[in-house]
$ cat work_9.pdb   # PDB, C-alpha atoms and all ligand atoms
MODEL        1
ATOM      1  CA  MET A  20      62.433 125.433-115.955
ATOM      2  CA  ARG A  21      60.482 128.128-114.117
ATOM      3  CA  ASN A  22      56.846 129.163-114.245
ATOM      4  CA  LEU A  23      55.618 125.603-114.548
ATOM      5  CA  SER A  24      51.865 125.089-114.547
ATOM      6  CA  PRO A  25      49.681 121.983-114.709
ATOM      7  CA  GLU A  26      49.203 122.844-118.381
ATOM      8  CA  ASN A  27      52.852 123.127-119.442
ATOM      9  CA  VAL A  28      54.621 120.741-117.043
ATOM     10  CA  THR A  29      54.053 117.717-119.264
ATOM     11  CA  GLU A  30      55.694 119.330-122.278
ATOM     12  CA  ALA A  31      58.605 120.455-120.079
ATOM     13  CA  LEU A  32      59.033 116.967-118.690
ATOM     14  CA  THR A  33      59.116 115.218-122.024
ATOM     15  CA  ARG A  34      61.870 117.627-123.203
ATOM     16  CA  VAL A  35      64.212 116.433-120.431
ATOM     17  CA  PHE A  36      64.400 113.117-122.279
ATOM     18  CA  ASP A  37      65.601 114.771-125.526
ATOM     19  CA  LYS A  38      69.150 113.476-125.182
ATOM     20  CA  THR A  39      68.166 109.845-124.533
ATOM     21  CA  PRO A  40      70.282 107.881-127.032
ATOM     22  CA  ASP A  41      67.885 104.919-127.215
ATOM     23  CA  PRO A  42      64.788 106.086-129.174
ATOM     24  CA  ARG A  43      62.597 103.299-127.789
ATOM     25  CA  LEU A  44      63.490 104.219-124.201
ATOM     26  CA  LYS A  45      62.706 107.836-124.992
ATOM     27  CA  GLU A  46      59.316 106.898-126.430
ATOM     28  CA  LEU A  47      58.452 104.696-123.438
ATOM     29  CA  LEU A  48      59.329 107.403-120.912
ATOM     30  CA  CYS A  49      57.814 110.392-122.714
ATOM     31  CA  THR A  50      54.531 108.562-123.306
ATOM     32  CA  LEU A  51      54.433 107.326-119.719
ATOM     33  CA  VAL A  52      54.865 110.871-118.418
ATOM     34  CA  ARG A  53      52.106 112.137-120.702
ATOM     35  CA  TYR A  54      49.619 109.471-119.587
ATOM     36  CA  LEU A  55      50.471 109.836-115.880
ATOM     37  CA  HIS A  56      50.040 113.598-116.007
ATOM     38  CA  ASN A  57      46.806 113.341-117.969
ATOM     39  CA  TYR A  58      45.514 110.825-115.453
ATOM     40  CA  ALA A  59      46.288 113.158-112.533
ATOM     41  CA  ARG A  60      44.609 116.071-114.304
ATOM     42  CA  GLU A  61      41.542 114.065-115.348
ATOM     43  CA  VAL A  62      40.778 112.669-111.882
ATOM     44  CA  GLN A  63      42.033 115.822-110.111
ATOM     45  CA  LEU A  64      44.324 113.598-108.055
ATOM     46  CA  ARG A  65      44.462 114.629-104.364
ATOM     47  CA  PRO A  66      47.698 114.524-102.300
ATOM     48  CA  GLU A  67      46.340 111.885 -99.909
ATOM     49  CA  GLU A  68      45.317 109.660-102.839
ATOM     50  CA  TRP A  69      48.748 110.044-104.420
ATOM     51  CA  ALA A  70      50.375 109.213-101.037
ATOM     52  CA  PHE A  71      48.167 106.122-100.686
ATOM     53  CA  ALA A  72      49.264 104.891-104.123
ATOM     54  CA  MET A  73      52.947 105.458-103.256
ATOM     55  CA  ASP A  74      52.466 103.559-100.005
ATOM     56  CA  ALA A  75      50.720 100.715-101.861
ATOM     57  CA  MET A  76      53.750 100.431-104.161
ATOM     58  CA  LEU A  77      56.063 100.435-101.165
ATOM     59  CA  ARG A  78      54.013  97.635 -99.582
ATOM     60  CA  ALA A  79      53.976  95.745-102.889
ATOM     61  CA  GLY A  80      57.772  95.856-102.916
ATOM     62  CA  LYS A  81      58.056  94.747 -99.302
ATOM     63  CA  ILE A  82      55.742  91.750 -99.751
ATOM     64  CA  SER A  83      57.527  90.642-102.940
ATOM     65  CA  ASP A  84      60.554  88.357-103.042
ATOM     66  CA  THR A  85      62.116  85.844-105.417
ATOM     67  CA  ARG A  86      59.047  83.629-105.033
ATOM     68  CA  ARG A  87      56.294  86.229-105.083
ATOM     69  CA  ASN A  88      55.842  89.352-107.163
ATOM     70  CA  GLU A  89      52.988  91.691-106.201
ATOM     71  CA  PHE A  90      53.682  93.891-109.233
ATOM     72  CA  ILE A  91      52.893  90.972-111.565
ATOM     73  CA  MET A  92      49.669  90.523-109.627
ATOM     74  CA  PHE A  93      48.739  94.182-110.152
ATOM     75  CA  SER A  94      49.557  93.818-113.852
ATOM     76  CA  ASP A  95      47.381  90.690-114.052
ATOM     77  CA  VAL A  96      44.338  91.953-112.152
ATOM     78  CA  LEU A  97      44.398  95.326-113.930
ATOM     79  CA  GLY A  98      44.387  93.516-117.289
ATOM     80  CA  LEU A  99      47.742  94.942-118.414
ATOM     81  CA  SER A 100      49.266  91.460-118.763
ATOM     82  CA  ALA A 101      46.309  90.449-120.946
ATOM     83  CA  VAL A 102      46.701  93.518-123.195
ATOM     84  CA  VAL A 103      50.415  92.833-123.679
ATOM     85  CA  ASP A 104      49.777  89.115-124.311
ATOM     86  CA  MET A 105      47.019  89.737-126.841
ATOM     87  CA  MET A 106      48.953  92.449-128.702
ATOM     88  CA  ASN A 107      52.062  90.320-128.958
ATOM     89  CA  GLY A 108      50.573  86.893-129.617
ATOM     90  CA  ALA A 109      48.903  86.158-132.952
ATOM     91  CA  GLY A 110      46.421  83.790-131.309
ATOM     92  CA  GLY A 111      45.067  81.340-133.857
ATOM     93  CA  LYS A 112      47.037  82.490-136.921
ATOM     94  CA  GLY A 113      49.798  79.901-136.917
ATOM     95  CA  GLU A 114      50.635  80.580-133.302
ATOM     96  CA  THR A 115      49.010  79.436-130.085
ATOM     97  CA  ALA A 116      47.432  82.336-128.172
ATOM     98  CA  PHE A 117      49.594  83.869-125.491
ATOM     99  CA  SER A 118      48.454  83.966-121.900
ATOM    100  CA  GLN A 119      50.186  85.101-118.820
ATOM    101  CA  LEU A 120      53.329  83.816-117.167
ATOM    102  CA  GLY A 121      51.885  84.652-113.752
ATOM    103  CA  PRO A 122      53.877  85.072-110.549
ATOM    104  CA  PHE A 123      54.702  81.397-109.966
ATOM    105  CA  PHE A 124      57.096  80.668-112.839
ATOM    106  CA  GLU A 125      60.538  79.458-111.777
ATOM    107  CA  ASP A 126      63.385  79.885-114.229
ATOM    108  CA  GLY A 127      66.433  77.641-114.507
ATOM    109  CA  LEU A 128      64.976  74.265-113.536
ATOM    110  CA  PRO A 129      67.232  71.289-114.301
ATOM    111  CA  LEU A 130      66.394  69.651-117.624
ATOM    112  CA  ALA A 131      64.464  66.375-117.314
ATOM    113  CA  PRO A 132      66.335  63.396-118.794
ATOM    114  CA  SER A 133      63.453  62.458-121.092
ATOM    115  CA  HIS A 134      60.536  64.023-122.978
ATOM    116  CA  ILE A 135      58.256  61.935-120.734
ATOM    117  CA  VAL A 136      57.932  63.284-117.204
ATOM    118  CA  ASP A 137      55.934  61.776-114.361
ATOM    119  CA  LEU A 138      54.889  64.767-112.273
ATOM    120  CA  ARG A 139      52.732  62.592-109.995
ATOM    121  CA  ALA A 140      55.753  60.756-108.634
ATOM    122  CA  THR A 141      57.430  62.392-105.638
ATOM    123  CA  PRO A 142      59.921  61.124-103.039
ATOM    124  CA  ASP A 143      56.920  60.858-100.676
ATOM    125  CA  GLY A 144      54.806  58.751-103.041
ATOM    126  CA  VAL A 145      52.248  59.412-105.746
ATOM    127  CA  LEU A 146      50.479  62.763-105.472
ATOM    128  CA  PRO A 147      46.725  62.691-104.894
ATOM    129  CA  GLY A 148      44.522  64.119-107.625
ATOM    130  CA  ASP A 149      42.592  63.322-110.756
ATOM    131  CA  PRO A 150      45.202  61.649-113.039
ATOM    132  CA  VAL A 151      45.826  63.289-116.408
ATOM    133  CA  LEU A 152      47.925  62.049-119.313
ATOM    134  CA  PHE A 153      48.935  65.171-121.228
ATOM    135  CA  ILE A 154      50.413  64.513-124.653
ATOM    136  CA  GLY A 155      51.761  67.704-126.149
ATOM    137  CA  SER A 156      53.160  68.298-129.593
ATOM    138  CA  VAL A 157      55.067  71.384-130.641
ATOM    139  CA  VAL A 158      54.894  72.471-134.268
ATOM    140  CA  SER A 159      56.287  75.367-136.234
ATOM    141  CA  GLY A 160      53.836  77.799-137.907
ATOM    142  CA  GLY A 161      53.910  75.672-141.048
ATOM    143  CA  GLY A 162      53.041  72.495-139.152
ATOM    144  CA  GLU A 163      56.460  70.806-138.999
ATOM    145  CA  PRO A 164      57.311  69.244-135.636
ATOM    146  CA  VAL A 165      59.838  71.156-133.553
ATOM    147  CA  ALA A 166      62.366  68.701-132.126
ATOM    148  CA  GLY A 167      64.357  69.791-129.090
ATOM    149  CA  ALA A 168      62.003  72.623-128.076
ATOM    150  CA  TYR A 169      62.407  73.622-124.438
ATOM    151  CA  VAL A 170      59.167  73.172-122.508
ATOM    152  CA  ASP A 171      58.588  74.524-119.010
ATOM    153  CA  ALA A 172      55.377  73.304-117.391
ATOM    154  CA  TRP A 173      53.980  74.155-113.961
ATOM    155  CA  GLN A 174      50.640  73.875-112.201
ATOM    156  CA  THR A 175      48.815  73.717-108.860
ATOM    157  CA  ASP A 176      48.095  70.628-106.759
ATOM    158  CA  VAL A 177      44.796  69.333-105.331
ATOM    159  CA  ASP A 178      44.729  72.198-102.849
ATOM    160  CA  GLY A 179      45.163  74.816-105.577
ATOM    161  CA  LEU A 180      48.697  75.586-104.382
ATOM    162  CA  TYR A 181      51.983  75.837-106.273
ATOM    163  CA  ASP A 182      55.083  74.237-104.789
ATOM    164  CA  LEU A 183      56.428  77.770-104.224
ATOM    165  CA  GLN A 184      53.555  78.312-101.780
ATOM    166  CA  ARG A 185      54.433  75.269 -99.677
ATOM    167  CA  PRO A 186      57.256  76.086 -97.244
ATOM    168  CA  GLU A 187      57.327  72.452 -96.074
ATOM    169  CA  LEU A 188      58.845  71.485 -99.455
ATOM    170  CA  LYS A 189      61.897  73.581 -98.543
ATOM    171  CA  GLY A 190      62.407  74.702-102.119
ATOM    172  CA  ALA A 191      61.935  71.288-103.765
ATOM    173  CA  SER A 192      60.041  71.374-107.065
ATOM    174  CA  ARG A 193      56.624  69.768-107.310
ATOM    175  CA  LEU A 194      54.303  69.646-110.313
ATOM    176  CA  ARG A 195      56.740  71.585-112.469
ATOM    177  CA  CYS A 196      59.442  70.548-114.899
ATOM    178  CA  ARG A 197      61.635  71.578-117.799
ATOM    179  CA  LEU A 198      62.078  69.162-120.677
ATOM    180  CA  ARG A 199      62.915  69.007-124.386
ATOM    181  CA  THR A 200      60.603  67.615-127.070
ATOM    182  CA  ASN A 201      61.635  64.411-128.854
ATOM    183  CA  GLU A 202      62.453  64.107-132.556
ATOM    184  CA  ASP A 203      58.708  64.197-133.355
ATOM    185  CA  GLY A 204      58.233  67.429-131.406
ATOM    186  CA  GLN A 205      56.338  65.574-128.680
ATOM    187  CA  PHE A 206      56.362  65.502-124.915
ATOM    188  CA  VAL A 207      54.280  63.695-122.317
ATOM    189  CA  LEU A 208      53.306  64.747-118.809
ATOM    190  CA  LYS A 209      51.818  62.264-116.403
ATOM    191  CA  THR A 210      50.143  64.654-114.046
ATOM    192  CA  ILE A 211      46.947  65.563-112.193
ATOM    193  CA  ARG A 212      44.125  67.961-112.878
ATOM    194  CA  PRO A 213      45.115  71.370-111.442
ATOM    195  CA  LEU A 214      42.779  73.323-109.164
ATOM    196  CA  GLY A 215      41.850  76.986-109.379
ATOM    197  CA  TYR A 216      42.990  79.445-106.761
ATOM    198  CA  THR A 217      42.393  82.945-105.511
ATOM    199  CA  ALA A 218      44.719  85.846-106.083
ATOM    200  CA  PRO A 219      46.902  86.365-102.982
ATOM    201  CA  MET A 220      44.806  88.576-100.709
ATOM    202  CA  ASP A 221      47.299  89.602 -98.020
ATOM    203  CA  GLY A 222      48.978  92.400 -99.991
ATOM    204  CA  PRO A 223      47.954  95.689-101.609
ATOM    205  CA  GLY A 224      46.714  93.863-104.732
ATOM    206  CA  GLY A 225      44.289  91.874-102.581
ATOM    207  CA  GLN A 226      43.301  95.073-100.758
ATOM    208  CA  MET A 227      42.284  96.548-104.116
ATOM    209  CA  LEU A 228      40.207  93.473-105.035
ATOM    210  CA  THR A 229      38.438  93.617-101.655
ATOM    211  CA  ALA A 230      37.739  97.335-101.912
ATOM    212  CA  THR A 231      36.206  96.878-105.365
ATOM    213  CA  HIS A 232      34.152  93.740-104.549
ATOM    214  CA  ARG A 233      35.696  91.825-107.449
ATOM    215  CA  ASN A 234      35.838  88.088-108.086
ATOM    216  CA  ILE A 235      39.168  86.913-106.686
ATOM    217  CA  TRP A 236      39.367  83.483-108.375
ATOM    218  CA  ARG A 237      41.405  82.208-111.282
ATOM    219  CA  PRO A 238      40.017  79.156-113.100
ATOM    220  CA  ALA A 239      42.220  76.032-112.968
ATOM    221  CA  HIS A 240      45.006  76.002-115.550
ATOM    222  CA  PHE A 241      48.214  74.401-116.764
ATOM    223  CA  HIS A 242      51.096  76.839-117.414
ATOM    224  CA  PHE A 243      53.540  76.410-120.309
ATOM    225  CA  ARG A 244      56.535  78.289-121.631
ATOM    226  CA  ILE A 245      57.888  76.836-124.860
ATOM    227  CA  GLY A 246      60.984  78.075-126.661
ATOM    228  CA  ALA A 247      62.873  76.834-129.708
ATOM    229  CA  GLU A 248      65.639  78.216-131.845
ATOM    230  CA  GLY A 249      64.334  80.446-134.641
ATOM    231  CA  HIS A 250      60.910  80.793-133.016
ATOM    232  CA  ARG A 251      59.160  83.234-130.732
ATOM    233  CA  THR A 252      58.915  81.937-127.202
ATOM    234  CA  LEU A 253      55.345  80.980-126.377
ATOM    235  CA  VAL A 254      54.003  81.665-122.889
ATOM    236  CA  THR A 255      50.518  80.350-122.385
ATOM    237  CA  GLU A 256      47.982  78.657-120.118
ATOM    238  CA  LEU A 257      45.470  75.887-120.835
ATOM    239  CA  PHE A 258      42.175  75.833-118.960
ATOM    240  CA  PRO A 259      40.179  72.612-118.368
ATOM    241  CA  GLU A 260      36.541  73.027-119.405
ATOM    242  CA  GLY A 261      33.934  73.126-116.647
ATOM    243  CA  ASP A 262      35.525  75.550-114.204
ATOM    244  CA  GLU A 263      32.977  78.042-112.874
ATOM    245  CA  HIS A 264      35.452  80.922-113.238
ATOM    246  CA  LEU A 265      36.295  80.545-116.942
ATOM    247  CA  ASP A 266      34.226  83.649-117.699
ATOM    248  CA  ASN A 267      35.339  85.864-114.837
ATOM    249  CA  ASP A 268      39.040  85.081-114.405
ATOM    250  CA  VAL A 269      40.425  87.722-112.047
ATOM    251  CA  ALA A 270      43.545  87.897-114.243
ATOM    252  CA  PHE A 271      41.844  87.923-117.704
ATOM    253  CA  GLY A 272      43.911  84.976-118.982
ATOM    254  CA  VAL A 273      41.230  82.830-120.657
ATOM    255  CA  ARG A 274      40.909  82.627-124.476
ATOM    256  CA  SER A 275      38.502  80.186-126.192
ATOM    257  CA  SER A 276      41.369  78.475-128.023
ATOM    258  CA  LEU A 277      43.042  77.740-124.679
ATOM    259  CA  VAL A 278      40.090  75.896-123.116
ATOM    260  CA  LEU A 279      40.584  72.116-123.009
ATOM    261  CA  THR A 280      38.195  69.234-122.745
ATOM    262  CA  LEU A 281      39.566  66.464-120.526
ATOM    263  CA  PRO A 282      37.874  63.299-121.812
ATOM    264  CA  GLU A 283      37.963  60.296-119.525
ATOM    265  CA  CYS A 284      39.914  57.286-120.810
ATOM    266  CA  ASP A 285      39.397  53.766-119.460
ATOM    267  CA  SER A 286      41.612  51.943-121.957
ATOM    268  CA  GLN A 287      43.583  49.272-120.073
ATOM    269  CA  GLU A 288      46.029  49.130-122.984
ATOM    270  CA  LEU A 289      46.831  52.857-122.817
ATOM    271  CA  ALA A 290      46.952  52.720-119.038
ATOM    272  CA  ARG A 291      49.531  49.916-119.232
ATOM    273  CA  GLU A 292      51.509  51.703-121.947
ATOM    274  CA  TRP A 293      51.769  54.874-119.885
ATOM    275  CA  ASP A 294      51.606  53.334-116.422
ATOM    276  CA  MET A 295      48.507  55.320-115.481
ATOM    277  CA  PRO A 296      45.689  54.330-113.110
ATOM    278  CA  VAL A 297      42.311  53.619-114.758
ATOM    279  CA  PRO A 298      40.382  55.743-115.459
ATOM    280  CA  PHE A 299      42.424  58.797-116.302
ATOM    281  CA  LYS A 300      41.888  61.953-118.305
ATOM    282  CA  LYS A 301      43.725  62.179-121.608
ATOM    283  CA  VAL A 302      44.630  65.408-123.355
ATOM    284  CA  ASP A 303      46.278  65.851-126.730
ATOM    285  CA  TYR A 304      47.262  69.429-127.437
ATOM    286  CA  ARG A 305      49.182  70.976-130.302
ATOM    287  CA  PHE A 306      51.241  74.062-129.510
ATOM    288  CA  GLU A 307      52.049  76.230-132.522
ATOM    289  CA  LEU A 308      55.178  78.384-132.469
ATOM    290  CA  ALA A 309      55.639  81.340-134.814
ATOM    291  CA  LYS A 310      58.916  81.789-136.647
ATOM    292  CA  ALA A 311      61.048  84.559-135.177
ATOM    293  CA  GLN A 312      61.096  87.669-137.378
TER     294      GLN A 312
HETATM  295 FE    FE B 401      48.744  80.076-112.356
ENDMDL
END
$ encode --input "work_9.pdb" --output "structure tokens" --more "lines below"
Ligand SMILES: [Fe+2]
Amino acid sequence: MRNLSPENVTEALTRVFDKTPDPRLKELLCTLVRYLHNYAREVQLRPEEWAFAMDAMLRAGKISDTRRNEFIMFSDVLGLSAVVDMMNGAGGKGETAFSQLGPFFEDGLPLAPSHIVDLRATPDGVLPGDPVLFIGSVVSGGGEPVAGAYVDAWQTDVDGLYDLQRPELKGASRLRCRLRTNEDGQFVLKTIRPLGYTAPMDGPGGQMLTATHRNIWRPAHFHFRIGAEGHRTLVTELFPEGDEHLDNDVAFGVRSSLVLTLPECDSQELAREWDMPVPFKKVDYRFELAKAQ
């Protein structure tokens, strides 16, 4: 491979992948090389700019750990997560719209003993916050209830923080759970209204947002990941109406079908039935799973 030039280097590079046995891997790598090279040529990338980007990636790696992933943040704030979600989720055609997993998901939580989970209750007492009774139902594309679906739910507290951002909890879970739906495909969360938060600003992702004078806020949201045998796993977020950042989410996660109204309920009967303080907000939401292909 001699006599390389900016014009022929891309072709030469893609040929080195000719023996890749996995055709999908070959496609991913060859196309990536082509776009990266075209990018460098189009912007006439300078060595110091290239070095800055390499250093930013190094810093992103150093600031990331099992509880924080700066690369997911870059993907979110550059809209790549939204593109992947929208391409891969039908959104309204027999399947709830996808929205991002975000950097605060925790895999492998112990399964709750019931489909009803009280997220307000902690060993230190009831969490402060606007009480919400969230009644979810999970249905298959055709409308049949999905019994035994695995539901992961997680959200922020009244300070807009996830449990993973509170070192004083020493790794204990708060405002997150994993449960299975009952025979009617239902689950119930006794929880609080989440608060919005800013993207983490102490890493290279935050440096980019500052340098570009962008909005740094995400509107408040509930996170869900729902999986069931024979169905595509749904990863989505639900956004309570009224948040001032619904139309400029720094991470591009909002879809109209994922915006919730949270009507106030002052029914003493319902409050007694669910052991909720009066008044509380009540949400009924139907999650639609698509059949796996
Ligand atoms: Fe989030």
$ closest_residue --input "work_9.pdb" --among "A:Met92, A:Val35, A:Leu208, A:Ala59" --to "A:Met220" --atoms "all atoms listed in the file"
A:Met92
$ residues_around --input "work_9.pdb" --residues "A:Glu307" --least-positions-apart "5" --cutoff "7 Å" --atoms "all atoms listed in the file" --output "list of chain:residue names"
A:Gly113, A:Glu114, A:Thr115, A:Val157, A:Val158, A:Ser159, A:Gly160
$ write_last_selection --input "work_9.pdb" --atoms "C-alpha atoms" --output "compact mmCIF listing (two decimals), in the frame of the given file"
# COMPACT_ATOMS: atom_id res chain seq x y z
CA GLY A 113 49.80 79.90 -136.92
CA GLU A 114 50.64 80.58 -133.30
CA THR A 115 49.01 79.44 -130.08
CA VAL A 157 55.07 71.38 -130.64
CA VAL A 158 54.89 72.47 -134.27
CA SER A 159 56.29 75.37 -136.23
CA GLY A 160 53.84 77.80 -137.91
$ residues_near_point --input "work_9.pdb" --point "(62.2, 68.6, -129.4)" --cutoff "6 Å" --atoms "all atoms listed in the file" --output "PyMOL selection string"
chain A and resi 165-168+199-202+204
$ resolve_selection --input "work_9.pdb" --expression "the PyMOL selection byres (((chain A and resi 243) around 9) and not hetatm)" --output "short mmCIF file (atom, residue, chain, number, x, y, z; two decimals) with C-alpha atoms, keeping the file's coordinate frame"
data_model
loop_
_atom_site.label_atom_id
_atom_site.label_comp_id
_atom_site.auth_asym_id
_atom_site.auth_seq_id
_atom_site.Cartn_x
_atom_site.Cartn_y
_atom_site.Cartn_z
CA LEU A 120 53.33 83.82 -117.17
CA VAL A 170 59.17 73.17 -122.51
CA ASP A 171 58.59 74.52 -119.01
CA ALA A 172 55.38 73.30 -117.39
CA TRP A 173 53.98 74.16 -113.96
CA GLN A 174 50.64 73.88 -112.20
CA PHE A 241 48.21 74.40 -116.76
CA HIS A 242 51.10 76.84 -117.41
CA ARG A 244 56.54 78.29 -121.63
CA ILE A 245 57.89 76.84 -124.86
CA LEU A 253 55.34 80.98 -126.38
CA VAL A 254 54.00 81.67 -122.89
CA THR A 255 50.52 80.35 -122.38
CA GLU A 256 47.98 78.66 -120.12
CA LEU A 257 45.47 75.89 -120.84
#
$ residues_near_point --input "work_9.pdb" --point "(43.3, 83.2, -112.8)" --cutoff "9 Å" --atoms "all atoms listed in the file" --output "count of residues only"
22
$ atom_distance --input "work_9.pdb" --atom1 "atom CA of A:Asp41" --atom2 "atom CA of A:Val28"
23.0 Å
$ atom_distance --input "work_9.pdb" --atom1 "atom CA of A:Glu89" --atom2 "atom CA of A:Arg233"
17.3 Å
$ resolve_selection --input "work_9.pdb" --expression "the PyMOL selection byres (((chain A and resi 276) around 12) and not hetatm)" --output "number ranges by chain"
A: 109-112, 114-118, 255-260, 272-275, 277-280, 304-307
$ closest_residue --input "work_9.pdb" --among "A:Ser83, A:Thr29, A:Thr231, A:Ser24" --to "A:Leu51" --atoms "only C-alpha atoms"
A:Thr29
$ atom_distance --input "work_9.pdb" --atom1 "atom CA of A:Phe124" --atom2 "atom CA of A:Pro219"
15.3 Å
$ closest_residue --input "work_9.pdb" --among "A:Leu77, A:Ile154, A:Leu180, A:Leu128" --to "ligand FE 401 (chain B)" --atoms "all atoms listed in the file"
A:Leu180
$ closest_residue --input "work_9.pdb" --among "A:Gly161, A:Pro213, A:Pro40, A:Pro150" --to "ligand FE 401 (chain B)" --atoms "all atoms listed in the file"
A:Pro213
$ closest_residue --input "work_9.pdb" --among "A:Arg197, A:Arg65, A:Lys38, A:His134" --to "A:Gly246" --atoms "all atoms listed in the file"
A:Arg197
$ decode --input "work_9.pdb" --residues "stretch 165-172 of chain A" --atoms "all heavy atoms" --output "mmCIF file, in the first residue's frame"
data_model
loop_
_atom_site.group_PDB
_atom_site.id
_atom_site.type_symbol
_atom_site.label_atom_id
_atom_site.label_comp_id
_atom_site.auth_asym_id
_atom_site.auth_seq_id
_atom_site.Cartn_x
_atom_site.Cartn_y
_atom_site.Cartn_z
ATOM 1 N N VAL A 165 -49.992 -8.870 27.995
ATOM 2 C CA VAL A 165 -48.787 -9.690 28.077
ATOM 3 C C VAL A 165 -48.506 -9.982 29.549
ATOM 4 O O VAL A 165 -48.007 -9.116 30.287
ATOM 5 C CB VAL A 165 -47.577 -8.992 27.437
ATOM 6 C CG1 VAL A 165 -46.352 -9.905 27.484
ATOM 7 C CG2 VAL A 165 -47.882 -8.599 26.003
ATOM 8 N N ALA A 166 -48.863 -11.179 29.982
ATOM 9 C CA ALA A 166 -48.598 -11.580 31.371
ATOM 10 C C ALA A 166 -47.119 -11.928 31.518
ATOM 11 O O ALA A 166 -46.494 -12.443 30.592
ATOM 12 C CB ALA A 166 -49.460 -12.790 31.729
ATOM 13 N N GLY A 167 -46.560 -11.607 32.674
ATOM 14 C CA GLY A 167 -45.184 -12.006 32.962
ATOM 15 C C GLY A 167 -44.127 -11.214 32.217
ATOM 16 O O GLY A 167 -42.972 -11.638 32.172
ATOM 17 N N ALA A 168 -44.504 -10.059 31.646
ATOM 18 C CA ALA A 168 -43.483 -9.212 30.990
ATOM 19 C C ALA A 168 -42.561 -8.652 32.067
ATOM 20 O O ALA A 168 -42.990 -8.345 33.177
ATOM 21 C CB ALA A 168 -44.163 -8.067 30.236
ATOM 22 N N TYR A 169 -41.292 -8.548 31.728
ATOM 23 C CA TYR A 169 -40.321 -7.959 32.669
ATOM 24 C C TYR A 169 -40.303 -6.447 32.479
ATOM 25 O O TYR A 169 -40.096 -5.964 31.369
ATOM 26 C CB TYR A 169 -38.925 -8.514 32.416
ATOM 27 C CG TYR A 169 -38.770 -9.957 32.837
ATOM 28 C CD1 TYR A 169 -38.995 -11.003 31.944
ATOM 29 C CD2 TYR A 169 -38.420 -10.266 34.149
ATOM 30 C CE1 TYR A 169 -38.864 -12.328 32.340
ATOM 31 C CE2 TYR A 169 -38.284 -11.592 34.561
ATOM 32 C CZ TYR A 169 -38.508 -12.606 33.649
ATOM 33 O OH TYR A 169 -38.392 -13.909 34.046
ATOM 34 N N VAL A 170 -40.530 -5.723 33.554
ATOM 35 C CA VAL A 170 -40.559 -4.259 33.491
ATOM 36 C C VAL A 170 -39.466 -3.701 34.395
ATOM 37 O O VAL A 170 -39.439 -3.981 35.590
ATOM 38 C CB VAL A 170 -41.929 -3.717 33.969
ATOM 39 C CG1 VAL A 170 -41.931 -2.187 33.945
ATOM 40 C CG2 VAL A 170 -43.065 -4.274 33.128
ATOM 41 N N ASP A 171 -38.553 -2.940 33.815
ATOM 42 C CA ASP A 171 -37.606 -2.147 34.597
ATOM 43 C C ASP A 171 -38.085 -0.714 34.555
ATOM 44 O O ASP A 171 -38.412 -0.199 33.480
ATOM 45 C CB ASP A 171 -36.202 -2.202 33.975
ATOM 46 C CG ASP A 171 -35.464 -3.477 34.333
ATOM 47 O OD1 ASP A 171 -35.017 -3.587 35.482
ATOM 48 O OD2 ASP A 171 -35.358 -4.368 33.460
ATOM 49 N N ALA A 172 -38.144 -0.078 35.723
ATOM 50 C CA ALA A 172 -38.553 1.330 35.793
ATOM 51 C C ALA A 172 -37.548 2.079 36.653
ATOM 52 O O ALA A 172 -37.081 1.540 37.663
ATOM 53 C CB ALA A 172 -39.954 1.435 36.401
#
